[in-house]
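Here the structure is laid out as structure tokens; the discussion comes afterwards.
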Amino acid sequence: MSSSFGKLFRISTWGESHGGGVGVTVDGCPPRLPLEASDIQVELDRRRPGQSDIVTPRKEEDRCEILSGVFQGKTLGTPIAILVRNTDARPEAYREMETAFRPSHADFTYQCKYGIRNWEGGGRSSARETIGRVAAGAIAAKVLRTICPALEIIAFVKSVQEITFHADLDLLSRETVEANPVRCPDPSVAARMIERIKSVREQGDSVGGIIECVVRGLPPGLGEPIFDRLEADLAKAMLSIPATKGFEIGSGFIGSLLLGSEHNDRFVIRDGEVRTTTNFSGGVQGGISNGEAIVFRTAFKPTATIAKKQATVTVTGEETELAARGRHDPCVLPRAVPVVEAMTALVLCDHLLRQRATDALPRTSDF
């Protein structure tokens with residue numbers, strides 16, 4: 001089904017942007033995991049609208065309710081249902097979209113696919129759907145931390161248009177990312193990004209950029225060749241996020257310019273473990289994690305819904321102009337950071353559980 005993701009740790013999101021609420025059902029979470037609504041809420045607060053003056057001003061507290069699957073503070077192993085109610089919906093602001101298609105938005109394609117669409121805020125195609133992903137990702141992250149205490153997933157805004165932060169990934173931390181509203185770890189670069197976003201918003205326009213994600217402390221051996229390669233599932237997860245247009249891992253497209261002798265990550269023994277001297281592979285070789293940091297980047301396009309007048313057509317085939325009156329992010333990147341982390345956690349949790357189910361017999365070698 002189009003709204004489900006994962007194999008053993010499987011989620012299904014549901015709800016529309018201006019309906020009664022949105023949420024997720026999580027199936028396959030191990031039993032006896034300590035879980036409270038506060039574990040989920042901390043991540044939803046990072047994603048929610050209205051948190052700064054560079055995101056949509058829609059005022060939603062995004063308070064989560066756990067409806068099932070948890071008893072006396074622990075998971076039961078049964079499906080976990082989580083609801084977040086919509087409290088600040090304003091569907092009247094989208095009345096023009098009932099008859100006119102927003103350029104580069106999903107209005108036209110949803111109409112073509114289903115013959116009907118919810119035009120109130122984009123309905124199911126709205127990024128508000130990602131609430132369910134973030135809620136489920138918070139649970140997945142807790143499973144990961146329980147099994148692999150050293151594991152860290154840190155995403156950050158690498159660039160807004162041409163304004164780029166070149167990170168020392170060894171020094172990266174959640175604290176430096178969360179220190180400013182744009183979620184770029186460098187204060188001076190972040191200030192330029194914020195200025196650019198505000199300038200673009202004043203013009204009634206939008207802007208895109210790149211989010212980079214680093215996973216540290218992941219054990220080697222995760223990934224299911226041939227079609228469920230770890231990087232393939234990460235790519236699918238990232239490109240399923242609204243507004244994404246590109247994905248690369250490790251050296252990415254730049255690696256195509258190197259020679260094999262330049263690009264190969266040489267193996268060495270370090271502290272009794274097989275490690276590599278470089279990480280052009282981005283932590284994945286042959287579709288399987290190799291124990292190095294996983295490093296990947298996801299490109300986000302400018303927000304499609306903008307206040308500038310744009311030429312478009314109506315559902316009856318007439319040419320017209322459209323300027324959005326709704327409340328929209330001039331740049332999706334700051335609020336997309338926790339979504340990228342959540343989708344990463346979902347992929348890694350699913351693959352970790354799959355590996356534990358597969359690797360059941362005693363080993364005869366050290367690796």
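Chain labels A, B, ... are given in the sequence in which chains occur in the structure tokens; within each chain residues are numbered consecutively from 1, and ligands are likewise numbered from 1 in the order shown.
By only C-alpha atoms, and with residues fewer than 4 positions from Ala155 (chain A) along its chain excluded, the set lying at most 7 Å from it is Ile211, Glu212, Cys213, Val214, Val337, Val340 and Glu341 of chain A.
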Dump as a short mmCIF file (atom, residue, chain, number, x, y, z; two decimals), in the first residue's frame, selection limited to C-alpha atoms:
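Saved the output as part39.cif:
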```cif
data_model
loop_
_atom_site.label_atom_id
_atom_site.label_comp_id
_atom_site.auth_asym_id
_atom_site.auth_seq_id
_atom_site.Cartn_x
_atom_site.Cartn_y
_atom_site.Cartn_z
CA ILE A 211 20.02 18.36 4.15
CA GLU A 212 22.95 16.14 5.11
CA CYS A 213 22.59 13.25 7.55
CA VAL A 214 25.26 11.37 9.50
CA VAL A 337 15.57 17.92 9.42
CA VAL A 340 15.01 13.04 7.56
CA GLU A 341 16.20 11.73 10.93
#
```
Produce a table with one row for each residue of region 279-356 of chain A that has an atom at most 10 Å from any atom of region 85-107 of chain A, each row naming the nearest atom pair and its distance in Å at one decimal; use only C-alpha atoms; arrange rows by chain and rising residue number; format as a tab-separated table.
```
residue	atom	partner	partner_atom	distance
A:Pro302	CA	A:Ser104	CA	9.9
A:Thr303	CA	A:His105	CA	8.9
A:Ala304	CA	A:Ser104	CA	5.7
A:Thr305	CA	A:Arg102	CA	6.8
A:Ile306	CA	A:Arg102	CA	9.0
A:Gln310	CA	A:Pro103	CA	7.5
A:Ala311	CA	A:Pro103	CA	7.9
A:Thr312	CA	A:Pro103	CA	6.4
A:Val313	CA	A:Ala100	CA	5.9
A:Thr314	CA	A:Ala100	CA	4.2
A:Val315	CA	A:Thr99	CA	5.4
A:Thr316	CA	A:Thr99	CA	7.8
A:Gly317	CA	A:Ala100	CA	9.3
A:Glu318	CA	A:Ala100	CA	9.0
A:Glu319	CA	A:Ala100	CA	9.0
A:Thr320	CA	A:Ala100	CA	7.7
A:Glu321	CA	A:Ala100	CA	8.3
A:Leu322	CA	A:Arg102	CA	7.2
A:Ala323	CA	A:Arg102	CA	8.7
A:Ala324	CA	A:Tyr94	CA	7.5
A:Arg325	CA	A:Ala93	CA	5.7
A:Gly326	CA	A:Ala93	CA	5.3
A:Arg327	CA	A:Ala93	CA	8.6
```
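With distances restricted to only C-alpha atoms, A:Cys331 is the closest residue to Ser199 (chain A) from A:Cys331, A:Val284, A:Leu44, A:Ile66.
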What is the CA of Ala81 (chain A)-CA of Glu43 (chain A) distance in Å, reported with one decimal? 16.6 Å
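Restricting the calculation to only C-alpha atoms, the smallest distance between Ile254 (chain A) and any of A:Pro362, A:Ser281, A:His166, A:Met343 is found for A:Ser281.
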Show me, as a Markdown table, the residues of region 232-340 of chain A having an atom within 9 Å of region 49-63 of chain A, each with the closest atom pair and its distance in Å, using only C-alpha atoms.
```
| residue | atom | partner | partner_atom | distance |
| --- | --- | --- | --- | --- |
| A:Arg327 | CA | A:Thr56 | CA | 5.5 |
| A:His328 | CA | A:Thr56 | CA | 4.7 |
| A:Asp329 | CA | A:Thr56 | CA | 4.4 |
| A:Pro330 | CA | A:Val55 | CA | 6.5 |
| A:Cys331 | CA | A:Val55 | CA | 7.0 |
| A:Val332 | CA | A:Val55 | CA | 7.6 |
| A:Pro334 | CA | A:Val55 | CA | 7.8 |
| A:Arg335 | CA | A:Val55 | CA | 7.8 |
```
Would you export the selected residues with C-alpha atoms as a compact mmCIF listing (two decimals), in the first residue's frame, please?
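Ended up saving to selection18.txt:
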```
# COMPACT_ATOMS: atom_id res chain seq x y z
CA ARG A 327 0.30 29.71 5.40
CA HIS A 328 3.33 28.03 3.93
CA ASP A 329 7.03 27.54 4.66
CA PRO A 330 9.22 29.78 2.50
CA CYS A 331 11.82 27.00 2.93
CA VAL A 332 10.99 23.47 4.05
CA PRO A 334 14.44 23.61 8.89
CA ARG A 335 11.36 21.49 9.63
```
Please provide the set of residues having any atom within 9 Å of Ala127 (chain A), restricted to only C-alpha atoms, with same-chain residues fewer than 2 positions apart removed, written as a ChimeraX atom specification. /A:17,122,124-125,129-131,241-243
Those in region 48-142 of chain A with strand (DSSP E or B) from DSSP, as a list in words: Cys64, Glu65, Ile66, Leu67, Ser68, Val70, Phe71, Lys74, Thr75, Ile80, Ala81, Ile82, Leu83, Val84, Arg85 and Ala100 of chain A
For the selection just defined, write its residues with N, CA and C atoms to a file, as a PDB file, in the first residue's frame.
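Writing the result to selection-v1.pdb gives the following:
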```pdb
ATOM      1  N   CYS A  64       0.551  14.698  20.695  1.00  0.00           N
ATOM      2  CA  CYS A  64       0.289  13.318  20.287  1.00  0.00           C
ATOM      3  C   CYS A  64      -0.497  12.567  21.356  1.00  0.00           C
ATOM      4  N   GLU A  65      -1.338  11.651  20.894  1.00  0.00           N
ATOM      5  CA  GLU A  65      -2.107  10.764  21.766  1.00  0.00           C
ATOM      6  C   GLU A  65      -1.796   9.324  21.358  1.00  0.00           C
ATOM      7  N   ILE A  66      -1.347   8.516  22.299  1.00  0.00           N
ATOM      8  CA  ILE A  66      -1.126   7.094  22.036  1.00  0.00           C
ATOM      9  C   ILE A  66      -2.438   6.371  22.309  1.00  0.00           C
ATOM     10  N   LEU A  67      -3.014   5.798  21.276  1.00  0.00           N
ATOM     11  CA  LEU A  67      -4.329   5.184  21.390  1.00  0.00           C
ATOM     12  C   LEU A  67      -4.280   3.685  21.673  1.00  0.00           C
ATOM     13  N   SER A  68      -3.176   3.035  21.308  1.00  0.00           N
ATOM     14  CA  SER A  68      -3.102   1.584  21.498  1.00  0.00           C
ATOM     15  C   SER A  68      -1.655   1.131  21.505  1.00  0.00           C
ATOM     16  N   VAL A  70       0.389   0.347  23.961  1.00  0.00           N
ATOM     17  CA  VAL A  70       1.229   0.678  25.113  1.00  0.00           C
ATOM     18  C   VAL A  70       0.400   0.482  26.380  1.00  0.00           C
ATOM     19  N   PHE A  71       0.974  -0.200  27.364  1.00  0.00           N
ATOM     20  CA  PHE A  71       0.279  -0.459  28.622  1.00  0.00           C
ATOM     21  C   PHE A  71       1.251  -0.287  29.771  1.00  0.00           C
ATOM     22  N   LYS A  74       4.846   0.620  28.772  1.00  0.00           N
ATOM     23  CA  LYS A  74       5.670  -0.265  27.949  1.00  0.00           C
ATOM     24  C   LYS A  74       4.881  -0.753  26.740  1.00  0.00           C
ATOM     25  N   THR A  75       5.618  -0.968  25.635  1.00  0.00           N
ATOM     26  CA  THR A  75       4.967  -1.467  24.424  1.00  0.00           C
ATOM     27  C   THR A  75       4.545  -2.921  24.632  1.00  0.00           C
ATOM     28  N   ILE A  80       0.796  -0.030  17.500  1.00  0.00           N
ATOM     29  CA  ILE A  80       0.757   1.233  18.235  1.00  0.00           C
ATOM     30  C   ILE A  80       0.093   2.280  17.339  1.00  0.00           C
ATOM     31  N   ALA A  81      -1.012   2.846  17.798  1.00  0.00           N
ATOM     32  CA  ALA A  81      -1.707   3.890  17.034  1.00  0.00           C
ATOM     33  C   ALA A  81      -1.486   5.238  17.715  1.00  0.00           C
ATOM     34  N   ILE A  82      -1.083   6.219  16.925  1.00  0.00           N
ATOM     35  CA  ILE A  82      -0.796   7.564  17.445  1.00  0.00           C
ATOM     36  C   ILE A  82      -1.606   8.582  16.656  1.00  0.00           C
ATOM     37  N   LEU A  83      -2.285   9.471  17.358  1.00  0.00           N
ATOM     38  CA  LEU A  83      -3.123  10.507  16.747  1.00  0.00           C
ATOM     39  C   LEU A  83      -2.613  11.885  17.124  1.00  0.00           C
ATOM     40  N   VAL A  84      -2.579  12.785  16.134  1.00  0.00           N
ATOM     41  CA  VAL A  84      -2.329  14.212  16.368  1.00  0.00           C
ATOM     42  C   VAL A  84      -3.496  14.963  15.732  1.00  0.00           C
ATOM     43  N   ARG A  85      -4.242  15.670  16.521  1.00  0.00           N
ATOM     44  CA  ARG A  85      -5.426  16.362  16.018  1.00  0.00           C
ATOM     45  C   ARG A  85      -5.032  17.690  15.361  1.00  0.00           C
ATOM     46  N   ALA A 100      -8.276  25.521  -9.463  1.00  0.00           N
ATOM     47  CA  ALA A 100      -7.015  25.799 -10.160  1.00  0.00           C
ATOM     48  C   ALA A 100      -5.895  24.936  -9.597  1.00  0.00           C
TER      49      ALA A 100
END
```
Could you name the residues that touch Val177 (chain A) at 10 Å or less, counting only C-alpha atoms, but leaving out those on the same chain fewer than 4 positions away, as number ranges by chain? A: 154-157, 172-173, 181-187, 190, 337
Written file, previous selection with C-alpha atoms, as a PDB file, in the first residue's frame:
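Contents of the output file result_32.pdb:
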```pdb
ATOM      1  CA  ILE A 154      22.177  13.687  13.179  1.00  0.00           C
ATOM      2  CA  ALA A 155      20.794  15.635  10.212  1.00  0.00           C
ATOM      3  CA  PHE A 156      21.407  19.312   9.499  1.00  0.00           C
ATOM      4  CA  VAL A 157      20.852  21.952   6.829  1.00  0.00           C
ATOM      5  CA  LEU A 172      28.791  17.481  14.673  1.00  0.00           C
ATOM      6  CA  SER A 173      26.239  17.251  17.505  1.00  0.00           C
ATOM      7  CA  PRO A 181      16.071  28.015  13.847  1.00  0.00           C
ATOM      8  CA  VAL A 182      17.500  27.067  10.448  1.00  0.00           C
ATOM      9  CA  ARG A 183      19.303  24.043  11.952  1.00  0.00           C
ATOM     10  CA  CYS A 184      22.715  24.734  10.428  1.00  0.00           C
ATOM     11  CA  PRO A 185      25.544  24.017  12.922  1.00  0.00           C
ATOM     12  CA  ASP A 186      27.637  27.068  11.956  1.00  0.00           C
ATOM     13  CA  PRO A 187      26.194  30.307  13.449  1.00  0.00           C
ATOM     14  CA  ALA A 190      23.082  30.004   9.617  1.00  0.00           C
ATOM     15  CA  VAL A 337      15.567  17.924   9.425  1.00  0.00           C
TER      16      VAL A 337
END
```
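From CA of Leu144 (chain A) back to CA of Lys158 (chain A), the distance works out to 25.1 Å.
For the pair CA of Gly223 (chain A) and CA of Val24 (chain A), the interatomic distance is 24.9 Å.
The residue that comes closest to Ile210 (chain A), out of A:Phe300, A:Phe247, A:Phe267, A:Phe5 and on the basis of only C-alpha atoms, is A:Phe300.
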Can you pull out every residue from region 153-312 of chain A that DSSP, working from the backbone, puts in alpha helix (DSSP H), and format the result as number ranges by chain? A: 174-177, 187-202, 230-239, 260-263
Go ahead and save the residues from that selection, with N, CA and C atoms, as a compact mmCIF listing (two decimals), in the first residue's frame.
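This went into again_20.txt:
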```
# COMPACT_ATOMS: atom_id res chain seq x y z
N ARG A 174 23.89 17.12 18.02
CA ARG A 174 22.50 17.58 18.01
C ARG A 174 22.40 19.00 18.59
N GLU A 175 23.21 19.29 19.60
CA GLU A 175 23.16 20.60 20.25
C GLU A 175 23.53 21.72 19.29
N THR A 176 24.57 21.52 18.48
CA THR A 176 24.97 22.58 17.55
C THR A 176 23.94 22.75 16.44
N VAL A 177 23.29 21.67 16.04
CA VAL A 177 22.25 21.75 15.01
C VAL A 177 21.04 22.53 15.53
N PRO A 187 27.01 29.11 13.20
CA PRO A 187 26.19 30.31 13.45
C PRO A 187 26.29 31.36 12.35
N SER A 188 27.49 31.58 11.81
CA SER A 188 27.64 32.61 10.78
C SER A 188 26.96 32.20 9.48
N VAL A 189 27.12 30.93 9.09
CA VAL A 189 26.45 30.45 7.88
C VAL A 189 24.94 30.43 8.10
N ALA A 190 24.50 30.04 9.30
CA ALA A 190 23.08 30.00 9.62
C ALA A 190 22.46 31.39 9.49
N ALA A 191 23.17 32.40 9.94
CA ALA A 191 22.65 33.78 9.85
C ALA A 191 22.42 34.19 8.40
N ARG A 192 23.33 33.80 7.51
CA ARG A 192 23.16 34.12 6.09
C ARG A 192 21.98 33.35 5.49
N MET A 193 21.83 32.11 5.91
CA MET A 193 20.69 31.31 5.43
C MET A 193 19.37 31.93 5.87
N ILE A 194 19.29 32.32 7.13
CA ILE A 194 18.07 32.93 7.65
C ILE A 194 17.74 34.21 6.91
N GLU A 195 18.77 35.03 6.66
CA GLU A 195 18.57 36.27 5.91
C GLU A 195 18.04 35.99 4.51
N ARG A 196 18.56 34.96 3.86
CA ARG A 196 18.11 34.61 2.52
C ARG A 196 16.64 34.14 2.54
N ILE A 197 16.30 33.30 3.50
CA ILE A 197 14.93 32.79 3.59
C ILE A 197 13.94 33.94 3.82
N LYS A 198 14.29 34.86 4.71
CA LYS A 198 13.41 36.00 4.98
C LYS A 198 13.27 36.89 3.75
N SER A 199 14.36 37.10 3.05
CA SER A 199 14.32 37.94 1.85
C SER A 199 13.42 37.33 0.78
N VAL A 200 13.55 36.04 0.58
CA VAL A 200 12.74 35.35 -0.41
C VAL A 200 11.27 35.38 -0.02
N ARG A 201 11.00 35.19 1.25
CA ARG A 201 9.61 35.21 1.73
C ARG A 201 8.97 36.58 1.50
N GLU A 202 9.71 37.64 1.73
CA GLU A 202 9.18 38.99 1.51
C GLU A 202 8.79 39.23 0.06
N LEU A 230 20.93 -1.32 1.69
CA LEU A 230 20.71 -0.30 2.72
C LEU A 230 20.58 1.09 2.09
N GLU A 231 21.47 1.41 1.13
CA GLU A 231 21.39 2.73 0.52
C GLU A 231 20.15 2.87 -0.36
N ALA A 232 19.67 1.75 -0.93
CA ALA A 232 18.46 1.81 -1.74
C ALA A 232 17.25 2.12 -0.88
N ASP A 233 17.16 1.50 0.30
CA ASP A 233 16.04 1.78 1.20
C ASP A 233 16.14 3.18 1.78
N LEU A 234 17.37 3.64 2.05
CA LEU A 234 17.52 5.03 2.51
C LEU A 234 17.09 6.01 1.42
N ALA A 235 17.45 5.70 0.17
CA ALA A 235 17.06 6.57 -0.94
C ALA A 235 15.55 6.62 -1.07
N LYS A 236 14.91 5.45 -1.00
CA LYS A 236 13.44 5.43 -1.09
C LYS A 236 12.81 6.22 0.04
N ALA A 237 13.35 6.05 1.25
CA ALA A 237 12.82 6.76 2.41
C ALA A 237 12.93 8.27 2.24
N MET A 238 14.10 8.74 1.78
CA MET A 238 14.30 10.18 1.63
C MET A 238 13.46 10.75 0.49
N LEU A 239 13.41 10.03 -0.62
CA LEU A 239 12.67 10.55 -1.78
C LEU A 239 11.17 10.41 -1.62
N GLY A 260 39.47 4.66 -9.58
CA GLY A 260 39.26 3.63 -8.57
C GLY A 260 40.30 3.67 -7.48
N SER A 261 41.55 3.93 -7.87
CA SER A 261 42.63 4.00 -6.89
C SER A 261 42.46 5.18 -5.93
N GLU A 262 41.75 6.21 -6.38
CA GLU A 262 41.49 7.37 -5.53
C GLU A 262 40.25 7.16 -4.65
N HIS A 263 39.29 6.43 -5.19
CA HIS A 263 37.99 6.31 -4.53
C HIS A 263 37.91 5.15 -3.54
```
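Proximity to Val26 (chain A) was assessed for A:Ile153, A:Ala135, A:Val160, A:Cys148 counting only C-alpha atoms; the smallest distance is recorded for A:Ala135.
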Can you pull out every residue within 7 Å of Glu152 (chain A), counting only C-alpha atoms, but drop anything in the same chain fewer than 2 positions away, and send it as a short mmCIF file (atom, residue, chain, number, x, y, z; two decimals) with C-alpha atoms, in the first residue's frame?
```
data_model
loop_
_atom_site.label_atom_id
_atom_site.label_comp_id
_atom_site.auth_asym_id
_atom_site.auth_seq_id
_atom_site.Cartn_x
_atom_site.Cartn_y
_atom_site.Cartn_z
CA ALA A 150 26.25 4.27 20.80
CA ILE A 154 22.18 13.69 13.18
CA VAL A 215 24.76 8.04 11.29
CA ARG A 216 27.46 7.09 13.78
CA GLY A 217 27.82 3.90 15.80
#
```
From A:Leu76, A:Ala138, A:Ala345, A:Ile226, residue lying nearest Arg32 (chain A) [only C-alpha atoms]: A:Leu76
